[in-house]
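Worksheet: the structure to be examined is printed underneath.
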Amino acid sequence: MTAQKKLYIKTYGCQMNVYDSERMAEALGAEGYVPTDRAEEADMILLNTCHIREKASEKVYSELGRLRPLKDAKPDLKVGIAGCVAQAEGTEIMARAPVVDLVVGPQSYHRLPAMERAVRGGARAVDTDFPEEDKFTELKARPKAKRGPTAFLTVQEGCDKFCAFCVVPYTRGAEVSRPADRIEAETRGLVEQGVREITLLGQNVNAWHGMEGGLGALVRRLARIEGLARIRYTTSHPNDMDDALIAAHGEEAKLMPYLHLPVQSGSDRILKAMNRKHGRDAYLALVERIRAARPDILLTSDFIVGFPGETESDFEDTLDLVRQVRYGASFSFKYSPRPGTPAAERGAQVPAEVMDERLQRLQALITELQREAQEAMVGREVEVLFEKPGRLPGQMVGKSGQLHAVHADAPESLRGEVRRVRITASGPNSLAGTLAA
């Protein structure tokens with residue numbers, strides 16, 4: 001029997017990295033590793049990195065600097081870098097950071113057990129290939145341990161859109177869809193473990209093409225699974241929002257009334273420069289169609305402020321689009337160049353102080369609309385999937401269909417149950433309510 005060792009994983013970035021970290025932990029479980037939440041007691045530390053945010057690689061090196069004393073005190077400790085920074089900069093990481101024992105890209109982590117055995121033998125290992133074998137096929141079946149009420153499930157990876165600001169096509173590769181049978185089997189396994197809600201993940205999740213009818217057909221298929229109460233998906237591209245998926249929002253009760261639909265800018269000129277392949281009017285028309293199918297849907301988005309060449313007029317177009325759509329929440333960021341992307345090579349960079357001021361204005365507007373959306377929920381009854389105890393005794397916290405955090409006085413026995421809650425108050429980032437009679 002393999003001796004038990006402890007594994008610490010620090011996860012950066014998107015929900016897909018959360019899913020990947022779970023699968024990496026499962027893969028290394030076969031080598032005798034059990035998870036720990038304390039780096040100090042780990043036998044292996046993995047940093048599962050994201051390349052989307054600003055100065056991603058610098059943050060990795062800073063974290064490695066903090067880990068160096070642990071390695072000095074415990075020479076047998078193994079340190080690995082996984083994820084998109086690993087994919088983009090694997091060779092450089094090995095050259096710059098002697099503390100690192102292995103580097104593995106997001107398409108190769110099914111090979112971690114073999115890499116772990118190699119580094120235990122004294123080697124340093126790098127694998128940033130895009131292997132021919134499907135990592136999901138190569139990974140062992142997920143263990144049947146009890147899980148929480150919600151789970152992520154990757155169904156699609158990669159991107160063929162090549163937005164001018166984005167590194168994903170270079171770090172995750174071309175769009176690939178997992179077969180529907182495997183997705184259904186994994187979903188059934190999660191439900192057997194106690195999961196009531198799944199979120200289907202993909203860089204362009206609504207580009208999934210693993211069966212006829214696309215993501216809308218997959219949602220309907222998964223909705224037939226007994227015990228599964230809720231389905232969500234993220235992140236979507238406007239160009240892949242087809243009629244079948246829109247119809248599913250209106251007709252499938254298990255598909256939650258929430259949609260993250262990034263637009264990035266409200267200016268046609270900037271959208272073209274970003275290579276988004278859709279315009280402002282087409283996006284607004286799409287929003288109308290979605291809301292016609294599901295009037296209570298809550299929409300969120302992503303915005304980049306200060307893309308190269310953005311003028312004040314372009315930015316005002318973004319503010320106007322936000323006011324028209326009236327998002328329930330959104331994520332907004334200042335543009336920062338990513339090496340190797342087309343936008344990084346362009347001139348006309350917007351001054352930092354201008355980006356700062358625009359970002360503040362945009363976030364103030366988004367916050368105002370988020371507050372209005374939450375206040376509009378007060379007095380309504382919503383269905384809440386309770387997930388965990390709240391901060392106060394006798395309190396439970398869960399999510400509404402629109403993904404609002406809701407806390408209410410409720411027994412812990414309701415964990416994993418869906419109950420109707422009457423909303424009584426709105427806070428900065430959550431709602432309060434009471435169990436409906």
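Chains: A, B, ... in order of the structure tokens. Residues: from 1 per chain. Ligands: from 1, in order shown.
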Would you kindly return, as a count of residues only, each protein, DNA or RNA residue with an atom no farther than 10 Å from any atom of Asp356 (chain A), considering only C-alpha atoms and excluding same-chain residues fewer than 5 positions away?
-> 6
Select from region 288-359 of chain A every residue with an atom at most 12 Å from any atom of region 388-407 of chain A, then for each give the shortest pair of atoms and their distance in Å to one decimal, using only C-alpha atoms, rows by chain and rising number, as a tab-separated table.
residue	atom	partner	partner_atom	distance
A:Arg294	CA	A:Gln402	CA	11.7
A:Pro295	CA	A:Gln402	CA	11.8
A:Asp296	CA	A:Gln402	CA	8.4
A:Ile297	CA	A:Gln402	CA	6.8
A:Leu298	CA	A:Gln402	CA	5.7
A:Leu299	CA	A:Gln402	CA	8.7
A:Thr300	CA	A:Gln402	CA	10.2
A:Tyr327	CA	A:Gln402	CA	11.7
A:Gly328	CA	A:Gln402	CA	9.0
A:Ala329	CA	A:His404	CA	10.0
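Each of A:Leu259, A:Met44, A:Met94, A:Ala247 was compared to Arg117 (chain A) using only C-alpha atoms, and A:Met44 turns out to be the nearest.
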Of the candidates A:Gln374, A:Thr187, A:Ser336, A:Thr424, which one gets nearest to Arg230 (chain A) if we count only C-alpha atoms?
-> A:Thr187
CA of Leu67 (chain A) to CA of Arg124 (chain A), distance in Å rounded to a single decimal = 17.3 Å
Sort by chain and increasing residue number a table of all residues of region 174-249 of chain A within 12 Å of region 268-285 of chain A, each with its closest pair of atoms and their distance in Å to one decimal, counting only C-alpha atoms, and write it as a Markdown table.
| residue | atom | partner | partner_atom | distance |
| --- | --- | --- | --- | --- |
| A:His237 | CA | A:Arg276 | CA | 9.1 |
| A:Pro238 | CA | A:Tyr283 | CA | 6.8 |
| A:Asn239 | CA | A:His278 | CA | 6.9 |
| A:Asp240 | CA | A:His278 | CA | 10.7 |
| A:Met241 | CA | A:Tyr283 | CA | 10.3 |
From a DSSP calculation on the backbone, collect every residue of region 194-410 of chain A in helix (DSSP H, G or I) and output the set as a PyMOL selection string.
-> chain A and resi 205-207+214-222+238-240+243-251+268-273+280-293+312-325+342-345+352-375
May I have all residues of region 239-298 of chain A that DSSP, computed from the backbone, assigns to strand (DSSP E or B), given as a JSON list (two decimals) with all heavy atoms, in the first residue's frame?
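states03.json written:
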[["chain", "number", "residue", "atom", "x", "y", "z"],
["A", 255, "LEU", "N", -32.79, 24.76, -15.44],
["A", 255, "LEU", "CA", -31.78, 25.73, -15.90],
["A", 255, "LEU", "C", -32.06, 27.06, -15.22],
["A", 255, "LEU", "O", -33.10, 27.67, -15.42],
["A", 255, "LEU", "CB", -31.83, 25.87, -17.42],
["A", 255, "LEU", "CG", -30.80, 26.83, -18.04],
["A", 255, "LEU", "CD1", -29.38, 26.43, -17.68],
["A", 255, "LEU", "CD2", -30.98, 26.87, -19.56],
["A", 258, "TYR", "N", -30.07, 32.75, -14.70],
["A", 258, "TYR", "CA", -28.85, 33.54, -14.54],
["A", 258, "TYR", "C", -27.97, 33.27, -15.75],
["A", 258, "TYR", "O", -27.83, 32.13, -16.19],
["A", 258, "TYR", "CB", -28.11, 33.13, -13.27],
["A", 258, "TYR", "CG", -26.73, 33.75, -13.14],
["A", 258, "TYR", "CD1", -26.55, 34.99, -12.53],
["A", 258, "TYR", "CD2", -25.60, 33.10, -13.66],
["A", 258, "TYR", "CE1", -25.29, 35.56, -12.42],
["A", 258, "TYR", "CE2", -24.34, 33.67, -13.56],
["A", 258, "TYR", "CZ", -24.20, 34.90, -12.95],
["A", 258, "TYR", "OH", -22.95, 35.47, -12.86],
["A", 259, "LEU", "N", -27.36, 34.33, -16.30],
["A", 259, "LEU", "CA", -26.51, 34.16, -17.48],
["A", 259, "LEU", "C", -25.38, 35.18, -17.44],
["A", 259, "LEU", "O", -25.62, 36.39, -17.39],
["A", 259, "LEU", "CB", -27.31, 34.33, -18.76],
["A", 259, "LEU", "CG", -26.52, 34.28, -20.08],
["A", 259, "LEU", "CD1", -25.82, 32.95, -20.25],
["A", 259, "LEU", "CD2", -27.44, 34.56, -21.27],
["A", 260, "HIS", "N", -24.15, 34.66, -17.48],
["A", 260, "HIS", "CA", -22.97, 35.52, -17.61],
["A", 260, "HIS", "C", -22.64, 35.61, -19.10],
["A", 260, "HIS", "O", -22.28, 34.60, -19.72],
["A", 260, "HIS", "CB", -21.81, 34.94, -16.82],
["A", 260, "HIS", "CG", -20.62, 35.85, -16.76],
["A", 260, "HIS", "ND1", -20.66, 37.09, -16.16],
["A", 260, "HIS", "CD2", -19.36, 35.71, -17.24],
["A", 260, "HIS", "CE1", -19.49, 37.67, -16.25],
["A", 260, "HIS", "NE2", -18.68, 36.86, -16.92],
["A", 264, "GLN", "N", -17.51, 42.98, -23.04],
["A", 264, "GLN", "CA", -16.19, 43.61, -22.97],
["A", 264, "GLN", "C", -16.20, 45.11, -23.26],
["A", 264, "GLN", "O", -15.45, 45.86, -22.65],
["A", 264, "GLN", "CB", -15.17, 42.93, -23.89],
["A", 264, "GLN", "CG", -15.04, 41.44, -23.69],
["A", 264, "GLN", "CD", -14.53, 41.04, -22.31],
["A", 264, "GLN", "OE1", -14.18, 41.88, -21.50],
["A", 264, "GLN", "NE2", -14.53, 39.74, -22.02],
["A", 298, "LEU", "N", -31.28, 37.05, -14.70],
["A", 298, "LEU", "CA", -30.32, 38.07, -14.28],
["A", 298, "LEU", "C", -29.08, 37.94, -15.14],
["A", 298, "LEU", "O", -28.50, 36.85, -15.24],
["A", 298, "LEU", "CB", -29.98, 37.92, -12.80],
["A", 298, "LEU", "CG", -29.08, 39.02, -12.21],
["A", 298, "LEU", "CD1", -29.50, 39.35, -10.78],
["A", 298, "LEU", "CD2", -27.60, 38.61, -12.24]]
Pick the closest to Arg419 (chain A) from A:Glu40, A:Arg323, A:Glu381, A:Ala118: which is it, counting only C-alpha atoms?
-> A:Glu381
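The residue set within 12 Å of Glu31 (chain A), counting only C-alpha atoms and dropping same-chain residues fewer than 5 places from it, reads Met1, Thr2, Ala3, Gln4, Lys5, Lys6, Leu7, Met24, Ala25, Glu26, Asp43, Met44, Arg111, Leu112, Pro113, Ala114, Met115, Glu116, Arg117 and Arg120 of chain A.
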If you keep C-alpha atoms, can you produce a file of those selected residues as a tab-separated table (two decimals), in the first residue's frame?
chain	number	residue	atom	x	y	z
A	1	MET	CA	0.00	0.00	0.00
A	2	THR	CA	1.33	3.45	-0.97
A	3	ALA	CA	2.42	5.57	2.00
A	4	GLN	CA	0.16	8.53	2.71
A	5	LYS	CA	1.52	11.96	1.78
A	6	LYS	CA	-0.05	15.42	1.99
A	7	LEU	CA	-0.91	17.64	-0.97
A	24	MET	CA	-5.32	16.90	-10.00
A	25	ALA	CA	-5.90	16.06	-6.34
A	26	GLU	CA	-7.82	12.95	-7.40
A	43	ASP	CA	4.81	16.91	0.94
A	44	MET	CA	3.83	18.45	-2.39
A	111	ARG	CA	0.19	12.73	-16.44
A	112	LEU	CA	0.85	14.08	-12.93
A	113	PRO	CA	1.26	10.64	-11.29
A	114	ALA	CA	4.10	9.73	-13.65
A	115	MET	CA	5.64	13.19	-13.22
A	116	GLU	CA	5.41	12.85	-9.43
A	117	ARG	CA	7.23	9.53	-9.55
A	120	ARG	CA	10.57	11.68	-6.34
Can you pull out every residue within 9 Å of Ser236 (chain A), counting only C-alpha atoms, but drop anything in the same chain fewer than 6 positions away, and send it as number ranges by chain?
-> A: 202-207, 259-262
Could you name the residues that touch Phe152 (chain A) at 9 Å or less, counting only C-alpha atoms, but leaving out those on the same chain fewer than 5 positions away, as a list in words?
-> Gln15, Met16, Val18, Tyr19, Glu197, Ile198, Thr199, Leu200 and Leu201 of chain A
Distance in Å - CA of Ser313 (chain A) versus CA of Gly347 (chain A) |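 These atoms are spaced 18.6 Å apart.
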Could you tell me which of A:Glu316, A:Ser430, A:Leu286, A:Glu353 comes closest to Arg371 (chain A) if we count only C-alpha atoms?
->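 That would be A:Ser430, the residue with the smallest distance to Arg371 (chain A).
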